[in-house]
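Undergrad: I'd like to ask you about the structure that follows.
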Amino acid sequence: MSAHAVHLPAYTRPANLRPFDVRRDLLAVADLVELCFAPTLDSDGRQYILQMRQAARAGRWLPAQPAGLDAPLMGMVWIEDGVLVGNLSLIPQYRGGKTRYLIANVAVHPKYQGRGIARQLTLAALQDVRNRGRHETWLQVEHKNSIAVNLYSHIGFTEQMRRTSWRARPPEAATRHVGVRQRHKVDWEQQVAWLDAIYPEAMRWQLPLHMSTLEPGLKGGLQRIFGQQRTLQWAAEQGGDLQAVLTWQSSSLGADRLWLAADPNDAQLPMASLLAAASRELDPDRMLALNYPAGHATEALQAAGFTDLRTLIWMRFPWEVLS
Ligand SMILES: CC(C)(COP(=O)(O)OP(=O)(O)OC[C@H]1O[C@@H](n2cnc3c(N)ncnc32)[C@H](O)[C@@H]1OP(=O)(O)O)[C@@H](O)C(=O)NCCC(=O)NCCS
């Protein structure tokens, strides 16, 4: 995580590289992303590609910046003999009065890999962000993808954290659970402190986690009534001490969300009991997704029936040490 002096090489945009044009490129980008990510695509990834195709079908009617479209709108593409063979999406995120950029969908057609195309696309994206005012620039890369990890590290991105995406189905409702009750108002102070430790501010902008919607009392209640997502919460305690709070949050994607508030170093996490209690109120056919710091609570999560979908390294470009 240490910051070392970094410099962006003097930049001249290669002739094959041009900005992404949503009306012209979206279908070709959907095809390329599907081809390049085929081995790791999950149901959410497939849904994302489907959304890109649906948006592309709107064809020439698509405005240059369609509102509310869940598809990339900015980025760089690489063209060889008139065919789009490389892509990088630059996704702006506005939260808490701050603009951040996420680099995503970096993909180069297998026939053209190893020629420096991804490197050029990434340098062009950084140049673009630099011109816009050096906003925080992030990307997420599968920890086993050593080619991509090396590519980004050599350019100067530094690892900030590793997160594992866990998946589970609610267990049979008959599964035994002990020491689990409804979440109470008195739990909130500790719950917030744990949530802050497990889902720190540095990453919350990328998650559909809005702390205020989990708050007990009127404020959170109003947000839950008028917000789009439903939530349920359970607390585990032992000998009168709070051990963890589990939140379920509905989602329009393939899996509903779980947020786990607990001491991240607690090896005795009562996850199986929490999940068993939750399953009495959850749809047994809906998948559950939990994002958690990699390497933490692994045994407790596996014992509760969770499987490890992937571990992502979150990397950030250190604009602050750019020479
Ligand atoms: C990762 C990917 C985008 C790299 O694209 P690319 O155009 O081949 O990458 P580049 O040619 O710019 O090479 C980047 C670096 O990787 C190295 N590299 C590229 N292909 C390699 C290979 N097959 N084996 C070993 N190293 C390789 C290059 O030597 C270069 O190293 P350097 O930074 O030290 O110069 C491409 O392999 C791909 O589309 N993979 C599938 C999708 C994916 O994983 N995307 C990344 C998501 S975060």
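Chain labels A, B, ... are given in the sequence in which chains occur in the structure tokens; within each chain residues are numbered consecutively from 1, and ligands are likewise numbered from 1 in the order shown.
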What does the list of residues within 7 Å of ligand 1 look like if you count only C-alpha atoms and all ligand atoms, written as a PyMOL selection string?
TA: chain A and resi 36-37+104-110+112-120+140-142+145+147-148+150-151+154-155
Undergrad: As a PyMOL selection string, which residues of region 115-247 of chain A does DSSP assign to strand (DSSP E or B)?
TA: chain A and resi 136-142+158-168+180-182+231-238+241-247
Undergrad: For a test of reading the model, state the distance in Å between CA of Ser251 (chain A) and CA of Leu288 (chain A), rounded to one decimal.
TA: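 CA of Ser251 (chain A) sits 9.7 Å away from CA of Leu288 (chain A).
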Undergrad: Between region 69-140 of chain A and region 206-214 of chain A, at 12 Å or less, what are the per-residue closest atom pairs and their distances in Å? Count only C-alpha atoms, order by chain and rising residue number, and return it as a tab-separated table.
TA:
```
residue	atom	partner	partner_atom	distance
A:Ile91	CA	A:Gln206	CA	10.9
A:Pro92	CA	A:Gln206	CA	10.7
A:Gln93	CA	A:Gln206	CA	8.0
A:Tyr94	CA	A:Gln206	CA	9.9
A:Arg95	CA	A:Gln206	CA	9.1
A:Gly96	CA	A:His210	CA	11.1
A:Thr99	CA	A:Gln206	CA	11.7
A:Arg100	CA	A:Gln206	CA	9.6
A:Tyr101	CA	A:Gln206	CA	10.2
A:Leu102	CA	A:Gln206	CA	8.9
A:Trp138	CA	A:Gln206	CA	10.0
A:Leu139	CA	A:Gln206	CA	10.5
A:Gln140	CA	A:Gln206	CA	10.6
```
Undergrad: Suppose we keep N, CA and C atoms; can you now write the selection as a compact mmCIF listing (two decimals), in the first residue's frame?
TA:
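So selection-v8.txt came out as:
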```txt
# COMPACT_ATOMS: atom_id res chain seq x y z
N ILE A 91 -16.16 5.04 -15.55
CA ILE A 91 -17.49 5.23 -14.98
C ILE A 91 -17.42 6.25 -13.85
N PRO A 92 -18.00 7.44 -14.06
CA PRO A 92 -17.98 8.43 -12.98
C PRO A 92 -18.98 8.05 -11.90
N GLN A 93 -18.61 8.29 -10.65
CA GLN A 93 -19.50 8.03 -9.52
C GLN A 93 -19.56 9.31 -8.71
N TYR A 94 -20.76 9.77 -8.41
CA TYR A 94 -20.91 10.98 -7.62
C TYR A 94 -21.55 10.59 -6.30
N ARG A 95 -20.81 10.76 -5.22
CA ARG A 95 -21.40 10.45 -3.92
C ARG A 95 -20.72 11.29 -2.84
N GLY A 96 -21.53 11.75 -1.90
CA GLY A 96 -20.98 12.56 -0.80
C GLY A 96 -20.29 13.81 -1.31
N THR A 99 -16.49 13.43 -6.75
CA THR A 99 -16.49 12.66 -8.00
C THR A 99 -15.34 11.67 -7.97
N ARG A 100 -15.66 10.43 -8.29
CA ARG A 100 -14.61 9.42 -8.41
C ARG A 100 -14.82 8.71 -9.74
N TYR A 101 -13.73 8.15 -10.28
CA TYR A 101 -13.85 7.39 -11.52
C TYR A 101 -13.48 5.94 -11.28
N LEU A 102 -14.26 5.08 -11.90
CA LEU A 102 -13.97 3.65 -11.83
C LEU A 102 -13.61 3.18 -13.24
N TRP A 138 -10.16 4.58 -9.51
CA TRP A 138 -10.09 3.24 -8.93
C TRP A 138 -10.33 2.17 -10.00
N LEU A 139 -9.92 0.97 -9.69
CA LEU A 139 -10.33 -0.19 -10.48
C LEU A 139 -10.33 -1.40 -9.56
N GLN A 140 -11.00 -2.45 -10.00
CA GLN A 140 -11.06 -3.69 -9.23
C GLN A 140 -10.62 -4.82 -10.14
```
Undergrad: Can you check which residues of region 12-145 of chain A DSSP gives as alpha helix (DSSP H) on the backbone and send them as an NGL selection string?
TA: :A and (22-37 or 43-57 or 117-132)
Undergrad: Give me the residues near region 161-164 of chain A as an NGL selection string, where near means some atom within 12 Å (using only C-alpha atoms) and where sequence neighbours in that chain fewer than 5 positions away do not count.
TA: :A and (1 or 138-144 or 198-200 or 202-203 or 207 or 289-298 or 301 or 306-316)
Undergrad: Name the residues in contact with region 278-285 of chain A at a cut-off of 7 Å, using only C-alpha atoms, excluding same-chain residues fewer than 3 positions from it; report them as a PyMOL selection string.
TA: chain A and resi 169-171+173+274-275
Undergrad: Mind dumping the selected residues with N, CA and C atoms as a PDB file, in the first residue's frame?
TA:
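The resulting file, part.pdb, is shown below:
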```
ATOM      1  N   ARG A 169     -27.367 -19.584  -0.183  1.00  0.00           N
ATOM      2  CA  ARG A 169     -28.836 -19.623  -0.215  1.00  0.00           C
ATOM      3  C   ARG A 169     -29.311 -19.713   1.225  1.00  0.00           C
ATOM      4  N   PRO A 170     -30.494 -19.155   1.527  1.00  0.00           N
ATOM      5  CA  PRO A 170     -30.982 -19.310   2.901  1.00  0.00           C
ATOM      6  C   PRO A 170     -31.083 -20.802   3.230  1.00  0.00           C
ATOM      7  N   PRO A 171     -30.570 -21.228   4.394  1.00  0.00           N
ATOM      8  CA  PRO A 171     -30.654 -22.652   4.746  1.00  0.00           C
ATOM      9  C   PRO A 171     -32.094 -23.049   5.071  1.00  0.00           C
ATOM     10  N   ALA A 173     -35.354 -23.694   6.854  1.00  0.00           N
ATOM     11  CA  ALA A 173     -35.849 -22.882   7.975  1.00  0.00           C
ATOM     12  C   ALA A 173     -35.722 -23.619   9.312  1.00  0.00           C
ATOM     13  N   LEU A 274     -27.137 -16.640  12.695  1.00  0.00           N
ATOM     14  CA  LEU A 274     -27.780 -15.456  12.106  1.00  0.00           C
ATOM     15  C   LEU A 274     -28.504 -15.817  10.809  1.00  0.00           C
ATOM     16  N   LEU A 275     -27.822 -16.610   9.987  1.00  0.00           N
ATOM     17  CA  LEU A 275     -28.415 -16.956   8.695  1.00  0.00           C
ATOM     18  C   LEU A 275     -29.624 -17.875   8.883  1.00  0.00           C
TER      19      LEU A 275
END
```
Undergrad: Applying 7 Å and only C-alpha atoms, which residues near Trp194 (chain A) remain after dropping the ones on its own chain fewer than 5 positions away? List them as a ChimeraX atom specification.
TA: /A:261-263
Undergrad: Which residue is closest to Arg204 (chain A)? Choose from A:Arg130, A:Gln233, A:Trp259, A:Glu299 and count only C-alpha atoms.
TA: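 Of all the options, A:Trp259 lies closest to Arg204 (chain A).
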Undergrad: Please determine, counting only C-alpha atoms, which residue among A:Leu232, A:Met74, A:Ala276, A:Gly156 has the shortest atom-to-atom distance to Glu172 (chain A).
TA: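 Selected residue with least distance to Glu172 (chain A): A:Ala276.
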Undergrad: From the set A:Thr137, A:Gln243, A:Gln238, A:Ser146, which residue has the shortest atom-to-atom contact distance to Gln190 (chain A), counting only C-alpha atoms?
TA: A:Gln243
Undergrad: Using only C-alpha atoms, pick whichever of A:Gly179, A:Tyr48, A:Leu195, A:Arg167 has the shortest atom-to-atom distance to Gly239 (chain A).
TA: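 With only C-alpha atoms as the atom set, the closest residue is A:Gly179.
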Undergrad: Rounded to one decimal, what separation in Å do you get between CA of Val33 (chain A) and CA of Gln160 (chain A)?
TA: 25.3 Å
Undergrad: For CA of Trp78 (chain A) and CA of Asn16 (chain A), quote the distance in Å rounded to one decimal.
TA: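 Rounded to one decimal, the two atoms are 5.5 Å apart.
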